[in-house]
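Trainee: Enclosed is the structure file my_file-v4.tsv (TSV, C-alpha atoms and all ligand atoms).
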```
chain	number	residue	atom	x	y	z
E	205	MET	CA	134.21	78.50	78.20
E	206	TYR	CA	134.11	79.91	74.68
E	207	PHE	CA	134.43	83.39	73.18
E	208	GLN	CA	132.14	83.59	70.22
E	209	HIS	CA	132.73	87.16	69.14
E	210	PRO	CA	136.11	87.71	67.54
E	211	LEU	CA	138.11	90.79	68.55
E	212	LEU	CA	140.23	92.11	65.73
E	213	LEU	CA	142.99	94.16	67.34
E	214	THR	CA	145.58	94.25	64.58
E	215	PRO	CA	147.03	97.58	63.43
E	216	GLY	CA	144.85	97.21	60.35
E	217	PRO	CA	142.57	95.86	59.14
E	218	THR	CA	140.31	97.10	61.92
E	219	PRO	CA	136.66	96.18	62.58
E	220	VAL	CA	134.18	97.84	60.23
E	221	PRO	CA	131.22	99.29	62.17
E	222	LEU	CA	127.71	98.27	61.28
E	223	HIS	CA	126.68	101.72	60.05
E	224	ILE	CA	129.47	101.59	57.44
E	225	GLN	CA	128.75	97.97	56.50
E	226	THR	CA	125.07	98.77	56.07
E	227	GLU	CA	125.81	101.70	53.76
E	228	MET	CA	128.19	99.55	51.76
E	229	ASN	CA	125.48	96.93	51.25
E	230	LEU	CA	123.30	99.31	49.26
E	231	PRO	CA	122.63	98.15	45.67
E	232	MET	CA	125.32	98.56	43.05
E	233	VAL	CA	125.05	101.48	40.62
E	234	GLY	CA	126.70	102.03	37.25
E	235	HIS	CA	130.03	103.79	37.64
E	236	ARG	CA	129.32	105.99	34.61
E	237	SER	CA	125.88	106.97	35.89
E	238	SER	CA	124.61	110.10	37.60
E	239	ASP	CA	124.05	107.87	40.67
E	240	PHE	CA	127.78	107.33	40.99
E	241	GLU	CA	128.59	110.96	40.18
E	242	ALA	CA	126.65	111.96	43.28
E	243	ILE	CA	128.43	109.33	45.41
E	244	ALA	CA	131.89	110.25	44.07
E	245	LYS	CA	131.37	113.99	44.59
E	246	GLU	CA	130.41	113.43	48.21
E	247	ALA	CA	133.17	110.88	48.87
E	248	PHE	CA	135.99	113.04	47.41
E	249	GLU	CA	134.86	115.96	49.56
E	250	ALA	CA	134.23	113.83	52.65
E	251	LEU	CA	137.84	113.34	53.68
E	252	LYS	CA	139.13	116.92	53.35
E	253	HIS	CA	138.58	117.58	57.03
E	254	VAL	CA	140.26	114.40	58.23
E	255	PHE	CA	143.31	115.01	55.99
E	256	GLY	CA	143.42	118.74	56.79
E	257	SER	CA	143.43	119.32	53.04
E	258	HIS	CA	142.18	122.28	51.00
E	259	GLN	CA	141.65	120.04	47.98
E	260	ASP	CA	139.30	117.11	47.56
E	261	VAL	CA	141.02	113.81	48.33
E	262	MET	CA	141.62	111.30	45.53
E	263	ILE	CA	140.42	107.74	46.15
E	264	LEU	CA	142.27	104.85	44.52
E	265	SER	CA	140.62	101.42	44.36
E	266	SER	CA	143.86	99.76	45.40
E	267	SER	CA	145.62	99.30	48.75
E	268	GLY	CA	147.84	101.73	50.68
E	269	THR	CA	151.04	100.67	48.91
E	270	SER	CA	149.60	101.93	45.62
E	271	ALA	CA	149.13	105.35	47.20
E	272	LEU	CA	152.75	105.27	48.41
E	273	GLU	CA	153.92	104.40	44.90
E	274	ALA	CA	151.65	107.01	43.31
E	275	SER	CA	152.97	109.73	45.62
E	276	MET	CA	156.48	109.04	44.38
E	277	VAL	CA	156.13	108.35	40.67
E	278	ASN	CA	153.87	111.33	40.12
E	279	LEU	CA	156.14	113.80	41.87
E	280	LEU	CA	159.63	112.89	40.79
E	281	GLU	CA	161.50	112.88	37.49
E	282	PRO	CA	163.86	109.96	36.78
E	283	ASP	CA	167.03	111.92	37.69
E	284	ASP	CA	165.75	113.65	40.80
E	285	HIS	CA	167.53	113.36	44.13
E	286	PHE	CA	165.33	112.73	47.14
E	287	VAL	CA	165.41	111.49	50.74
E	288	VAL	CA	163.52	108.54	52.20
E	289	ILE	CA	163.38	108.23	55.99
E	290	VAL	CA	163.47	104.56	56.98
E	291	SER	CA	162.45	103.74	60.55
E	292	GLY	CA	160.75	100.39	60.05
E	293	ALA	CA	159.09	98.01	57.61
E	294	PHE	CA	157.00	100.69	55.91
E	295	GLY	CA	159.95	103.03	55.50
E	296	ASN	CA	161.55	100.03	53.78
E	297	ARG	CA	158.47	99.82	51.56
E	298	PHE	CA	159.03	103.44	50.44
E	299	LYS	CA	162.71	102.61	49.91
E	300	GLN	CA	161.87	99.57	47.75
E	301	ILE	CA	159.49	101.62	45.62
E	302	ALA	CA	162.14	104.34	45.29
E	303	GLU	CA	164.84	101.90	44.24
E	304	THR	CA	162.50	100.33	41.67
E	305	TYR	CA	162.26	103.59	39.76
E	306	TYR	CA	165.11	105.86	40.77
E	307	THR	CA	168.87	105.92	41.32
E	308	ASN	CA	169.44	109.11	43.32
E	309	VAL	CA	167.76	107.84	46.48
E	310	HIS	CA	169.24	109.02	49.80
E	311	ILE	CA	168.24	106.93	52.80
E	312	PHE	CA	168.09	108.46	56.27
E	313	ASP	CA	168.06	105.49	58.66
E	314	VAL	CA	166.43	105.76	62.08
E	315	PRO	CA	166.83	103.02	64.72
E	316	TRP	CA	163.64	100.94	64.75
E	317	GLY	CA	161.49	101.96	67.71
E	318	GLU	CA	162.69	105.56	67.68
E	319	ALA	CA	161.31	108.68	66.06
E	320	PHE	CA	163.45	110.69	63.65
E	321	ASP	CA	165.27	113.66	65.09
E	322	THR	CA	164.30	116.67	63.00
E	323	LYS	CA	167.65	118.44	63.39
E	324	GLN	CA	169.50	115.30	62.29
E	325	VAL	CA	167.31	114.98	59.19
E	326	ILE	CA	168.03	118.59	58.27
E	327	THR	CA	171.79	118.16	58.84
E	328	PHE	CA	171.70	115.00	56.70
E	329	ILE	CA	170.05	116.90	53.85
E	330	GLU	CA	172.51	119.78	54.16
E	331	GLN	CA	175.49	117.44	54.07
E	332	LEU	CA	174.27	115.61	50.98
E	333	ASN	CA	175.20	118.56	48.86
E	334	ALA	CA	172.64	117.46	46.27
E	335	PRO	CA	169.54	119.22	44.93
E	336	ILE	CA	166.98	117.42	47.10
E	337	LYS	CA	163.55	117.59	45.51
E	338	ALA	CA	161.50	115.73	48.13
E	339	VAL	CA	161.50	114.03	51.52
E	340	PHE	CA	159.35	110.94	52.18
E	341	THR	CA	158.43	109.64	55.61
E	342	GLN	CA	155.88	107.63	57.52
E	343	TYR	CA	153.71	109.51	59.99
E	344	CYS	CA	153.02	106.44	62.11
E	345	GLU	CA	155.55	103.69	61.38
E	346	THR	CA	153.13	100.82	62.00
E	347	SER	CA	155.83	98.19	62.39
E	348	THR	CA	157.31	99.93	65.46
E	349	ALA	CA	154.28	101.94	66.70
E	350	VAL	CA	156.18	105.24	66.53
E	351	LEU	CA	154.39	108.48	65.70
E	352	HIS	CA	156.98	110.74	64.06
E	353	PRO	CA	157.08	114.51	64.70
E	354	VAL	CA	155.89	115.20	61.17
E	355	ALA	CA	154.66	118.74	61.78
E	356	GLU	CA	158.04	119.69	63.22
E	357	LEU	CA	159.87	118.31	60.19
E	358	GLY	CA	157.43	120.04	57.82
E	359	VAL	CA	158.27	123.41	59.35
E	360	ALA	CA	162.02	122.69	59.37
E	361	LEU	CA	162.01	121.64	55.72
E	362	LYS	CA	160.16	124.79	54.74
E	363	THR	CA	162.75	126.87	56.55
E	364	LEU	CA	165.62	124.96	54.96
E	365	ASP	CA	164.32	125.14	51.40
E	366	ASN	CA	160.87	126.18	50.53
E	367	GLU	CA	160.97	124.20	47.25
E	368	ILE	CA	161.41	120.75	48.83
E	369	TYR	CA	158.28	118.61	48.65
E	370	PHE	CA	157.24	116.84	51.83
E	371	VAL	CA	155.41	113.54	51.31
E	372	VAL	CA	153.86	111.73	54.27
E	373	ASP	CA	152.55	108.17	54.56
E	374	GLY	CA	149.67	108.49	57.00
E	375	VAL	CA	148.25	105.03	56.25
E	376	SER	CA	148.06	103.96	59.88
E	377	CYS	CA	147.12	107.21	61.60
E	378	VAL	CA	145.06	109.57	59.43
E	379	GLY	CA	141.69	109.60	61.17
E	380	ALA	CA	143.30	109.53	64.63
E	381	VAL	CA	145.67	112.51	64.53
E	382	ASP	CA	145.45	116.25	64.16
E	383	VAL	CA	147.01	116.86	60.77
E	384	ASN	CA	146.73	119.96	58.64
E	385	MET	CA	148.57	119.95	55.35
E	386	GLU	CA	148.97	123.71	55.16
E	387	ARG	CA	150.00	124.22	58.79
E	388	ASP	CA	152.32	121.19	58.76
E	389	HIS	CA	153.75	121.98	55.30
E	390	ILE	CA	152.82	118.59	53.83
E	391	ASP	CA	152.53	118.52	50.05
E	392	ILE	CA	151.18	114.99	49.64
E	393	LEU	CA	149.49	112.97	52.40
E	394	VAL	CA	148.44	109.41	51.66
E	395	SER	CA	146.42	106.94	53.66
E	396	GLY	CA	144.64	103.61	53.54
E	397	SER	CA	141.11	102.57	54.32
E	398	GLN	CA	141.59	99.66	56.72
E	399	LYS	CA	143.06	101.49	59.68
E	400	ALA	CA	141.87	104.51	61.67
E	401	MET	CA	139.01	105.19	59.24
E	402	ALA	CA	137.47	101.80	60.02
E	403	LEU	CA	136.71	100.99	56.39
E	404	PRO	CA	137.32	97.65	54.70
E	405	ALA	CA	140.78	97.04	53.21
E	406	GLY	CA	141.40	97.77	49.56
E	407	ILE	CA	141.06	101.48	48.85
E	408	SER	CA	143.54	104.25	49.52
E	409	PHE	CA	143.65	108.02	49.54
E	410	VAL	CA	145.93	110.71	48.15
E	411	ALA	CA	145.61	114.35	49.24
E	412	CYS	CA	147.74	116.91	47.39
E	413	ASN	CA	148.18	120.64	47.76
E	414	GLN	CA	148.10	122.95	44.77
E	415	ARG	CA	151.84	122.93	44.11
E	416	ALA	CA	151.97	119.11	44.26
E	417	LEU	CA	149.07	118.97	41.81
E	418	GLU	CA	151.00	121.19	39.41
E	419	GLN	CA	154.03	118.91	39.67
E	420	ILE	CA	151.85	115.84	39.13
E	421	ASN	CA	150.57	117.27	35.87
E	422	ALA	CA	154.14	117.83	34.69
E	423	SER	CA	155.74	114.56	35.85
E	424	THR	CA	157.37	112.27	33.28
E	425	THR	CA	158.18	109.08	35.24
E	426	PRO	CA	156.37	106.26	33.36
E	427	LYS	CA	153.12	105.08	35.00
E	428	PHE	CA	149.68	104.04	33.85
E	429	TYR	CA	147.10	102.97	36.45
E	430	LEU	CA	148.64	105.22	39.08
E	431	ASP	CA	148.78	108.34	36.92
E	432	LEU	CA	147.39	110.86	39.40
E	433	ALA	CA	146.88	113.49	36.71
E	434	LYS	CA	144.20	111.20	35.26
E	435	HIS	CA	142.73	110.51	38.70
E	436	TYR	CA	142.55	114.20	39.56
E	437	LYS	CA	141.05	115.15	36.19
E	438	SER	CA	138.35	112.53	36.78
E	439	LEU	CA	137.84	113.72	40.36
E	440	LEU	CA	137.01	117.20	39.02
E	441	GLU	CA	134.26	115.52	36.96
E	442	SER	CA	133.03	113.49	39.98
E	443	SER	CA	134.30	110.34	38.35
E	444	THR	CA	137.23	107.91	38.29
E	445	PRO	CA	139.40	106.83	35.34
E	446	TYR	CA	138.68	103.12	35.90
E	447	THR	CA	135.91	101.12	37.59
E	448	PRO	CA	136.03	102.12	41.27
E	449	ASN	CA	135.12	100.20	44.39
E	450	ILE	CA	131.67	101.77	44.49
E	451	SER	CA	130.68	100.16	47.81
E	452	ALA	CA	133.79	101.49	49.50
E	453	PHE	CA	133.02	105.00	48.20
E	454	ARG	CA	129.69	104.69	49.97
E	455	GLY	CA	131.62	103.58	53.07
E	456	VAL	CA	133.69	106.77	52.95
E	457	ILE	CA	130.51	108.83	53.03
E	458	ALA	CA	129.21	106.86	56.02
E	459	TYR	CA	132.55	107.38	57.80
E	460	ARG	CA	132.26	111.14	57.27
E	461	ARG	CA	128.74	111.12	58.78
E	462	TYR	CA	130.14	109.36	61.83
E	463	ILE	CA	132.94	111.93	62.19
E	464	ASP	CA	130.39	114.74	61.96
E	465	ALA	CA	128.19	113.12	64.59
E	466	ILE	CA	130.99	112.54	67.12
E	467	GLY	CA	133.14	115.56	66.25
E	468	PHE	CA	136.59	114.93	64.78
E	469	ASP	CA	138.42	116.46	67.76
E	470	ASN	CA	136.63	114.00	70.03
E	471	VAL	CA	137.58	111.10	67.77
E	472	ILE	CA	141.24	112.11	67.96
E	473	GLN	CA	141.11	112.56	71.74
E	474	HIS	CA	139.44	109.16	72.10
E	475	HIS	CA	142.38	107.50	70.34
E	476	TYR	CA	144.92	109.19	72.63
E	477	GLN	CA	142.97	108.28	75.76
E	478	ILE	CA	142.76	104.63	74.79
E	479	ARG	CA	146.47	104.65	73.96
E	480	ASP	CA	147.29	106.00	77.42
E	481	ALA	CA	145.12	103.39	79.15
E	482	VAL	CA	146.62	100.54	77.10
E	483	ARG	CA	150.17	101.67	77.75
E	484	ALA	CA	149.59	102.09	81.48
E	485	ALA	CA	148.00	98.63	81.70
E	486	LEU	CA	150.80	96.94	79.75
E	487	LYS	CA	153.39	98.57	82.00
E	488	ALA	CA	151.46	97.34	85.04
E	489	LEU	CA	151.73	93.84	83.60
E	490	ASN	CA	155.52	94.21	83.56
E	491	PHE	CA	155.87	94.53	79.82
E	492	GLU	CA	158.50	96.77	78.37
E	493	LEU	CA	157.12	99.07	75.66
E	494	LEU	CA	159.14	99.49	72.47
E	495	VAL	CA	158.46	103.21	72.08
E	496	ASN	CA	158.88	105.89	74.72
E	497	ASP	CA	155.86	107.93	75.75
E	498	THR	CA	156.79	111.01	73.71
E	499	TYR	CA	156.47	109.27	70.34
E	500	ALA	CA	153.88	106.64	71.16
E	501	SER	CA	151.31	106.28	68.41
E	502	PRO	CA	147.64	106.76	69.28
E	503	THR	CA	146.75	103.90	66.94
E	504	VAL	CA	149.07	100.99	67.79
E	505	THR	CA	151.25	99.92	70.73
E	506	ALA	CA	154.27	97.60	70.55
E	507	PHE	CA	155.17	95.65	73.69
E	508	ILE	CA	157.98	93.26	74.50
E	509	PRO	CA	157.23	89.92	76.19
E	510	LYS	CA	159.89	88.46	78.52
E	511	ASP	CA	161.09	85.95	75.95
E	512	GLU	CA	160.06	84.31	72.70
E	513	ALA	CA	158.19	81.48	74.45
E	514	GLU	CA	156.01	84.04	76.25
E	515	LEU	CA	155.50	85.96	73.01
E	516	GLN	CA	154.39	82.85	71.13
E	517	LYS	CA	152.08	81.79	73.95
E	518	ILE	CA	150.38	85.19	74.15
E	519	LYS	CA	149.82	85.51	70.41
E	520	LYS	CA	148.64	81.92	69.95
E	521	GLU	CA	146.52	81.62	73.09
E	522	LEU	CA	144.85	85.00	72.65
E	523	LYS	CA	143.57	83.61	69.39
E	524	THR	CA	142.73	80.05	70.40
E	525	GLN	CA	141.40	80.67	73.92
E	526	PHE	CA	139.89	84.16	73.59
E	527	ASN	CA	139.29	84.72	69.86
E	528	ILE	CA	141.45	87.87	69.98
E	529	THR	CA	143.80	88.66	67.08
E	530	ILE	CA	146.81	90.91	67.59
E	531	ALA	CA	149.94	91.25	65.45
E	532	GLY	CA	153.55	90.16	65.82
E	533	GLY	CA	156.65	92.08	64.79
E	534	GLN	CA	157.79	92.64	61.22
E	535	GLY	CA	161.24	92.48	59.68
E	536	LYS	CA	163.95	92.69	62.32
E	537	LEU	CA	161.34	92.91	65.11
E	538	LYS	CA	159.75	89.56	64.21
E	539	GLY	CA	159.81	87.31	67.31
E	540	ARG	CA	160.68	90.28	69.58
E	541	ILE	CA	157.51	92.34	69.90
E	542	LEU	CA	153.76	92.08	69.80
E	543	ARG	CA	151.57	94.87	68.48
E	544	VAL	CA	148.04	95.71	69.52
E	545	GLY	CA	145.99	98.03	67.33
E	546	HIS	CA	143.59	100.49	68.96
E	547	MET	CA	142.21	102.53	66.13
E	548	GLY	CA	139.06	103.06	64.13
E	549	ASP	CA	135.82	101.93	65.67
E	550	VAL	CA	137.41	100.77	68.88
E	551	SER	CA	135.84	101.01	72.30
E	552	PRO	CA	137.80	101.20	75.57
E	553	PHE	CA	135.95	98.09	76.75
E	554	THR	CA	137.24	96.13	73.77
E	555	LEU	CA	140.78	96.86	74.90
E	556	LEU	CA	139.81	96.06	78.48
E	557	SER	CA	138.90	92.53	77.33
E	558	PHE	CA	142.33	92.22	75.75
E	559	ILE	CA	144.04	93.32	78.99
E	560	ALA	CA	141.92	90.87	81.03
E	561	ALA	CA	142.84	88.02	78.67
E	562	LEU	CA	146.52	88.97	78.99
E	563	GLU	CA	146.24	88.84	82.79
E	564	ILE	CA	144.97	85.26	82.59
E	565	LEU	CA	147.66	84.17	80.12
E	566	LEU	CA	150.46	85.79	82.13
E	567	THR	CA	149.18	84.23	85.33
E	568	GLN	CA	149.36	80.83	83.61
E	569	HIS	CA	152.74	81.46	82.05
E	570	ARG	CA	154.66	83.33	84.75
E	571	ASN	CA	153.32	81.28	87.70
E	572	THR	CA	152.29	84.34	89.66
E	573	SER	CA	148.96	86.10	89.69
E	574	PHE	CA	148.43	89.13	87.46
E	575	ILE	CA	144.66	89.11	87.88
E	576	GLY	CA	143.31	92.65	88.15
E	577	GLN	CA	146.68	94.33	87.79
E	578	GLY	CA	146.31	95.63	84.24
E	579	THR	CA	142.55	96.13	84.24
E	580	LYS	CA	142.74	98.20	87.44
E	581	VAL	CA	145.25	100.61	85.97
E	582	PHE	CA	143.35	100.69	82.67
E	583	THR	CA	140.07	101.70	84.32
E	584	GLU	CA	141.83	104.19	86.57
E	585	VAL	CA	143.22	106.00	83.51
E	586	LEU	CA	139.79	105.93	81.89
E	587	LYS	CA	137.89	107.21	84.91
E	588	ASP	CA	139.98	110.38	84.83
E	589	VAL	CA	138.98	111.20	81.27
E	590	ILE	CA	135.35	110.08	81.06
E	601	LIG	C1	152.34	102.95	57.47
E	601	LIG	C2	151.90	102.00	56.39
E	601	LIG	N1	152.21	102.30	55.13
E	601	LIG	C3	151.84	101.52	54.11
E	601	LIG	C4	151.11	100.36	54.33
E	601	LIG	C5	150.74	99.50	53.18
E	601	LIG	O1	149.37	99.48	52.99
E	601	LIG	P1	148.65	98.25	52.24
E	601	LIG	O2	148.99	97.01	52.99
E	601	LIG	O3	147.21	98.65	52.35
E	601	LIG	O4	149.15	98.22	50.84
E	601	LIG	C6	150.76	100.01	55.63
E	601	LIG	C7	150.00	98.77	55.91
E	601	LIG	O5	149.95	98.26	57.00
E	601	LIG	C8	151.15	100.86	56.69
E	601	LIG	O6	150.83	100.57	57.96
```
Would you give me this structure, written as structure tokens?
Mentor:
Amino acid sequence: MYFQHPLLLTPGPTPVPLHIQTEMNLPMVGHRSSDFEAIAKEAFEALKHVFGSHQDVMILSSSGTSALEASMVNLLEPDDHFVVIVSGAFGNRFKQIAETYYTNVHIFDVPWGEAFDTKQVITFIEQLNAPIKAVFTQYCETSTAVLHPVAELGVALKTLDNEIYFVVDGVSCVGAVDVNMERDHIDILVSGSQKAMALPAGISFVACNQRALEQINASTTPKFYLDLAKHYKSLLESSTPYTPNISAFRGVIAYRRYIDAIGFDNVIQHHYQIRDAVRAALKALNFELLVNDTYASPTVTAFIPKDEAELQKIKKELKTQFNITIAGGQGKLKGRILRVGHMGDVSPFTLLSFIAALEILLTQHRNTSFIGQGTKVFTEVLKDVI
């Protein structure tokens, strides 16, 4: 038996739907032409709703990490004190960027697999006794599959000190969560294309509120390509400072049309329903889940095989026998967990195939039958929400 159609179930990149691919295949236009001006204007406006932003969203023709770096070097001065919350590999990424440019970096460590505790973050800041200018965190820490209580922290930071900037890395969840920058007191929200927005990898997004934009215009940390003041000035002229990924801009417009057709609330709900079905099925297959239900991300789930041999078998055989790609762990979770992405253009039946394949592999590996155990629970969760 062979499985011709590959299933890409990594927590990014995610499959790009045909309607987006088709739009991206339209002929190239000059990036200094009125053709591109029209595309850029529509694309910058297109993501406001998904980011819960009052301002148009900047698009960088570079991957998510560039948006992380831009959010830091455009906000902070060389001597500023600031806090970075590290709860996994992408918190570490923020930390590495911070330590490349700055010395007054205060790290708030969270055990991997857990969400930050808002009260503890606030106490940490209070005890630092330093003029904290900003706090940086992931929204979904993709390496652990935790969704942090970002809105709660936004409110708490505002109450603590209304001047602190709150910067959120939403690379692996914007497009699948209800975020509103004003309500949640987020000053800069960044994201990437290859995750919940189902676009190809390689572009990223930066949404800023008015006070962050003012700070960006005043910032003195050295930067060139990632100078957001230049990007925002160009955005106001429906342009970009350098040659953009024109096809991906067209993709953004197609994504927005899809959101409008389905309704963004429905898209968010869809992600949570699939998450619940996947988690229930994995539990029924006797897997431990890394993250408790309260902070489980709607975009990715981390599960723990019985031992490393089982982990290796599942990852390898899913690929070789079933043409299904999932992800392993990163950093200190390498060899301990597997991660399945369920975001973007993902159908419940796609995940059902993954659960069915797991049942077969577990039946082979554990010498007891798991056939029907995960898929039954999966469809039972779905039938209650369809
Ligand atoms: C939460 C998070 N932040 C940042 C990044 C980095 O994005 P990129 O690999 O597009 O540079 C990723 C990528 O997986 C991510 O999941």
Trainee: Report, as JSON, the axis-aligned box around all atoms of ligand LIG 601 (chain E) present in the file, extended by 8 Å on each side; give centre and edge lengths in Å to one decimal place.
Mentor:
```
{"center_x": 149.8, "center_y": 100.0, "center_z": 54.4, "size_x": 21.1, "size_y": 21.9, "size_z": 23.1}
```
Trainee: Report, in Å with one decimal, the straight-line distance from CA of Glu386 (chain E) to CA of Ser423 (chain E).
Mentor: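 Computed distance, CA of Glu386 (chain E) to CA of Ser423 (chain E), equals 22.4 Å.
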Trainee: Show me which residues are within 6 Å of ligand LIG 601 (chain E) counting all atoms listed in the file, and format the list as number ranges by chain.
Mentor: E: 267-269, 294, 342, 344-346, 373, 375-376, 396
Trainee: I'd like the neighbourhood of region 296-303 of chain E as a VMD selection string, where a residue qualifies if any of its atoms comes within 8 Å (using all atoms listed in the file), though same-chain residues fewer than 5 positions away should be ignored.
Mentor: chain E and resid 269 272 to 273 276 288 290 to 291 309 311 340
Trainee: Would you list the residues near (155.5, 117.6, 59.6), meaning any protein, DNA or RNA residue with an atom at most 9 Å from that point in file coordinates, counting all atoms listed in the file, as a short mmCIF file (atom, residue, chain, number, x, y, z; two decimals) with C-alpha atoms, in the coordinates of the input?
Mentor:
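Done, and the output landed in part39.cif:
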```
data_model
loop_
_atom_site.label_atom_id
_atom_site.label_comp_id
_atom_site.auth_asym_id
_atom_site.auth_seq_id
_atom_site.Cartn_x
_atom_site.Cartn_y
_atom_site.Cartn_z
CA TYR E 343 153.71 109.51 59.99
CA HIS E 352 156.98 110.74 64.06
CA PRO E 353 157.08 114.51 64.70
CA VAL E 354 155.89 115.20 61.17
CA ALA E 355 154.66 118.74 61.78
CA GLU E 356 158.04 119.69 63.22
CA LEU E 357 159.87 118.31 60.19
CA GLY E 358 157.43 120.04 57.82
CA VAL E 359 158.27 123.41 59.35
CA ALA E 360 162.02 122.69 59.37
CA LEU E 361 162.01 121.64 55.72
CA PHE E 370 157.24 116.84 51.83
CA VAL E 372 153.86 111.73 54.27
CA VAL E 383 147.01 116.86 60.77
CA MET E 385 148.57 119.95 55.35
CA ARG E 387 150.00 124.22 58.79
CA ASP E 388 152.32 121.19 58.76
CA HIS E 389 153.75 121.98 55.30
CA ILE E 390 152.82 118.59 53.83
#
```
Trainee: With distances taken over only C-alpha atoms, which residue among E:Ile329, E:Leu279, E:Val220, E:Ile530 lies nearest Leu403 (chain E)?
Mentor: E:Val220
Trainee: Might you pull out every residue within 8 Å of region 426-430 of chain E, with only C-alpha atoms counted and same-chain residues fewer than 3 positions away left off, and present them as a PDB file with C-alpha atoms, keeping the file's coordinate frame?
Mentor:
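Written out: result_1.pdb:
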```
ATOM      1  CA  SER E 270     149.600 101.930  45.620  1.00  0.00           C
ATOM      2  CA  GLU E 273     153.920 104.400  44.900  1.00  0.00           C
ATOM      3  CA  ALA E 274     151.650 107.010  43.310  1.00  0.00           C
ATOM      4  CA  VAL E 277     156.130 108.350  40.670  1.00  0.00           C
ATOM      5  CA  HIS E 435     142.730 110.510  38.700  1.00  0.00           C
TER       6      HIS E 435
END
```
Trainee: Using all atoms listed in the file, pick whichever of E:Leu522, E:Glu227, E:Leu537, E:Leu556 has the shortest atom-to-atom distance to Phe207 (chain E).
Mentor: E:Leu522
Trainee: Choose the residue, out of E:Arg454, E:His310, E:His285, E:Lys523, that has the smallest atom-to-atom separation from Ala244 (chain E); count all atoms listed in the file.
Mentor: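 Smallest distance to Ala244 (chain E) is found for E:Arg454.
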